[in-house]
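In what follows, a single structure is set out as C-alpha cells and then discussed.
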Amino acid sequence: MEKFNFKKFSKELLIDIVGGLLLAFAVYNFASNAGFPIAGISGIALIIFHLTGLPMGATTIALNIPIIIICYKFLGRDFFIRSIKTMIISSFLLDYVAPLFPVYEGDRLLAAICTGVLQGFGFGMIYSMDTSTGGMDFVIMTIRKLKPYMSIGKITLIIDVIVVGIGGFLIGDVESVIYGFILTYLVSMVVDKYMYGLDAGKVTFIVTEHGKEVAEKISDLTERGSTLLKAKGSFTNQDKDVVMCACNNKQMHLVQEAVKKVDREAFLITMESNEVRGEGFKEH
C-alpha cells in the first residue's frame, strides 16, 4: 500500500481550491448574468438554475453520475477518486463561496472574456494535477486516453463548440452564440497555454563541422548543455555534426551568437518547443 504523502496531498488540495474558485467565479459571477451559453455540465447546470433555481453545484454532481459510470473503466480508480474530491470542492465553492461576491453586470463581451480566461486557468490548474471536475472533463480525458496525440485544449474546443452550438440553437440568440464561441476558444487556448505553453521554448539543430566547439560556446554563453549527433550531408557526402540544444526563448539569441562566433557557415534550424522535461527544465 502506498504511503500517504501529506505534502503532495496539500498541494493537490490547494490546486483544487484555487482552480475551483476560478471556475466558480467564471460561471456564477460572470457567465450567469450574461445570458450566453457555456459548454459542459456547468452550462447545463446554469440553464437548470435559471429555469428552476436549483443550486448549480448540486445539479452538477447529479448530472455527473451517468457520465462517471460510462467513463470509469477508461480512466481508472485513482483518477476517479481524485476527480470526485475535486468535483465536490468545486461544487461547494460554486454554491457557497461565489455567491458571496458581486455578480458582474457590465458589457457581455468583457463577461465572455473573463469567463473564458478564468475557466481556462481553472481547468488548466486542475488538469495539470491529473484530476478533473467530472462531467465533460471525464469525456475529454477519455478521448485523451483513446487519442493521446490530441491536446486537451483541442479536444475541449471541439466538444464545447458542439455543446455551445446546440445551446445557442435552443436559446435562439445569435449574439449569445457568438459570445459563447469566444469564451470557448479562450478556454481551450488558455488550457493549452497553461499546461504546455508555460514551459515553452525553442529547440535548435545546428549542422556544422565544428560540433564540439559550438556546443562548448553555447555552454559558455547560456550554461545549457547540448547533444551531439552524427550526420552525413546528402549533397557533399561529408560527415557533419548536428548540435541539438533546447533552451528558453530568451536564451535563443545567445545560442545564435554562439554559432556565429564559431562557424558562420553552419546551418541552423530553430523550432518552437511546447514543453521540455529533464535536468535543467521541468521535472518529469
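Lettering and numbering for the C-alpha cells are positional, with chains as A, B, ... in the shown order, residues counted from 1 in each chain, and ligands counted from 1 in the shown order.
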
Set the distance at 9 Å and use only C-alpha atoms: which residues neighbour Asp192 (chain A) once local chain neighbours fewer than 6 positions away are removed? I'd like the list as a PyMOL selection string. chain A and resi 120+124+151-154

Hey, what's within 8 Å of Met87 (chain A) if we count only C-alpha atoms and toss same-chain stuff fewer than 5 positions away? As a list in words, please? Ile61, Ser132, Thr133 and Gly134 of chain A

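Here CA of Thr142 (chain A) and CA of Cys114 (chain A) stand 27.7 Å from one another.
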
Nearby residues (only C-alpha atoms) at most 8 Å from Ile67 (chain A), same-chain spacing under 4 positions excluded, as a PyMOL selection string: chain A and resi 63+71+135-136+138-139

Just to confirm, what's the straight-line distance from CA of Leu100 (chain A) to CA of Gly20 (chain A) in Å (one decimal)? 14.9 Å

Contacts between region 245-256 of chain A and region 159-230 of chain A, please, where a residue of region 159-230 of chain A counts if it comes within 8 Å (with only C-alpha atoms); show its shortest atom pair and distance in Å to one decimal, rows by chain and ascending number, as a tab-separated table.
```
residue	atom	partner	partner_atom	distance
A:Ala200	CA	A:Asn248	CA	7.0
A:Gly201	CA	A:Asn248	CA	4.2
A:Lys202	CA	A:Cys247	CA	5.5
A:Val203	CA	A:Ala246	CA	4.3
A:Thr204	CA	A:Cys245	CA	5.4
A:Phe205	CA	A:Cys245	CA	6.7
A:Ile218	CA	A:Val255	CA	5.6
A:Leu221	CA	A:Leu254	CA	6.3
A:Thr222	CA	A:Gln251	CA	6.4
A:Arg224	CA	A:Cys247	CA	7.2
A:Gly225	CA	A:Cys245	CA	6.9
A:Ser226	CA	A:Cys245	CA	4.7
A:Thr227	CA	A:Cys245	CA	6.5
```

Export, as a compact mmCIF listing (two decimals), in the first residue's frame, the selected residues with all heavy atoms.
```
# COMPACT_ATOMS: atom_id res chain seq x y z
N ALA A 200 7.19 26.51 -22.54
CA ALA A 200 7.56 26.56 -23.95
C ALA A 200 8.92 27.21 -24.12
O ALA A 200 9.38 27.99 -23.29
CB ALA A 200 6.51 27.34 -24.74
N GLY A 201 9.56 26.89 -25.21
CA GLY A 201 10.85 27.48 -25.51
C GLY A 201 11.21 27.20 -26.94
O GLY A 201 10.35 27.13 -27.82
N LYS A 202 12.50 27.03 -27.19
CA LYS A 202 13.00 26.76 -28.53
C LYS A 202 13.87 25.51 -28.51
O LYS A 202 14.49 25.18 -27.50
CB LYS A 202 13.83 27.93 -29.04
CG LYS A 202 13.16 29.30 -29.00
CD LYS A 202 12.15 29.47 -30.09
CE LYS A 202 11.62 30.91 -30.10
NZ LYS A 202 10.59 31.09 -31.13
N VAL A 203 13.91 24.84 -29.63
CA VAL A 203 14.87 23.78 -29.82
C VAL A 203 15.54 24.05 -31.17
O VAL A 203 14.88 24.38 -32.14
CB VAL A 203 14.22 22.38 -29.78
CG1 VAL A 203 13.16 22.22 -30.86
CG2 VAL A 203 15.27 21.30 -29.90
N THR A 204 16.86 23.96 -31.18
CA THR A 204 17.59 24.27 -32.40
C THR A 204 18.50 23.11 -32.80
O THR A 204 19.04 22.40 -31.95
CB THR A 204 18.43 25.56 -32.22
OG1 THR A 204 19.09 25.86 -33.43
CG2 THR A 204 19.46 25.40 -31.12
N PHE A 205 18.61 22.92 -34.11
CA PHE A 205 19.52 21.93 -34.68
C PHE A 205 20.55 22.68 -35.52
O PHE A 205 20.19 23.41 -36.44
CB PHE A 205 18.75 20.93 -35.55
CG PHE A 205 17.78 20.08 -34.79
CD1 PHE A 205 16.46 20.49 -34.62
CD2 PHE A 205 18.17 18.86 -34.25
CE1 PHE A 205 15.56 19.71 -33.92
CE2 PHE A 205 17.28 18.07 -33.55
CZ PHE A 205 15.97 18.50 -33.39
N ILE A 218 28.09 27.41 -26.73
CA ILE A 218 26.71 27.53 -26.23
C ILE A 218 26.68 27.39 -24.72
O ILE A 218 26.01 28.14 -24.01
CB ILE A 218 25.81 26.47 -26.89
CG1 ILE A 218 25.60 26.79 -28.37
CG2 ILE A 218 24.45 26.38 -26.18
CD1 ILE A 218 24.84 25.73 -29.13
N LEU A 221 27.96 30.60 -23.02
CA LEU A 221 27.09 31.77 -23.07
C LEU A 221 25.75 31.57 -22.37
O LEU A 221 25.16 32.52 -21.85
CB LEU A 221 26.84 32.17 -24.53
CG LEU A 221 28.05 32.64 -25.34
CD1 LEU A 221 27.63 33.04 -26.75
CD2 LEU A 221 28.75 33.81 -24.65
N THR A 222 25.25 30.34 -22.35
CA THR A 222 23.91 30.11 -21.82
C THR A 222 23.86 29.16 -20.63
O THR A 222 22.81 29.04 -19.98
CB THR A 222 22.99 29.51 -22.91
OG1 THR A 222 23.45 28.18 -23.23
CG2 THR A 222 23.01 30.36 -24.17
N ARG A 224 23.76 26.08 -20.91
CA ARG A 224 22.91 24.99 -21.35
C ARG A 224 23.75 23.91 -22.02
O ARG A 224 24.68 24.22 -22.77
CB ARG A 224 21.87 25.48 -22.37
CG ARG A 224 20.77 26.32 -21.79
CD ARG A 224 19.81 25.46 -20.98
NE ARG A 224 18.69 26.25 -20.45
CZ ARG A 224 17.88 25.85 -19.50
NH1 ARG A 224 18.06 24.66 -18.94
NH2 ARG A 224 16.89 26.60 -19.08
N GLY A 225 23.43 22.67 -21.75
CA GLY A 225 24.11 21.58 -22.43
C GLY A 225 23.51 21.33 -23.80
O GLY A 225 22.41 21.81 -24.12
N SER A 226 24.20 20.59 -24.62
CA SER A 226 23.74 20.25 -25.96
C SER A 226 23.96 18.76 -26.20
O SER A 226 24.66 18.09 -25.43
CB SER A 226 24.49 21.07 -27.02
OG SER A 226 24.34 22.46 -26.80
N THR A 227 23.36 18.27 -27.25
CA THR A 227 23.54 16.88 -27.66
C THR A 227 24.17 16.86 -29.05
O THR A 227 23.69 17.54 -29.96
CB THR A 227 22.19 16.14 -27.69
OG1 THR A 227 21.61 16.18 -26.38
CG2 THR A 227 22.38 14.69 -28.12
```

CA of Lys147 (chain A) and CA of Met271 (chain A) are how many Å apart? 24.4 Å

Run DSSP on the backbone and tell me which residues of region 125-247 of chain A come out as alpha helix (DSSP H); list them as a ChimeraX atom specification. /A:125-128,136-146,152-171,174-192,211-222

Ranking A:Ala26, A:Met150, A:Ile68, A:Leu54 by minimum distance to Ala98 (chain A) and counting only C-alpha atoms, which one comes first? A:Ala26

Pull the strand (DSSP E) assignments for region 6-220 of chain A out of DSSP run on the backbone, and list those residues as a list in words. Gly201, Lys202, Val203, Thr204, Phe205, Ile206, Val207 and Thr208 of chain A

Excluding Ala31 (chain A) and any residue of its chain fewer than 2 positions from it, enumerate the residues within 10 Å of it, using only C-alpha atoms, and give them as a ChimeraX atom specification. /A:24-29,33-38,43,46,103-105,108,111-116,180,183
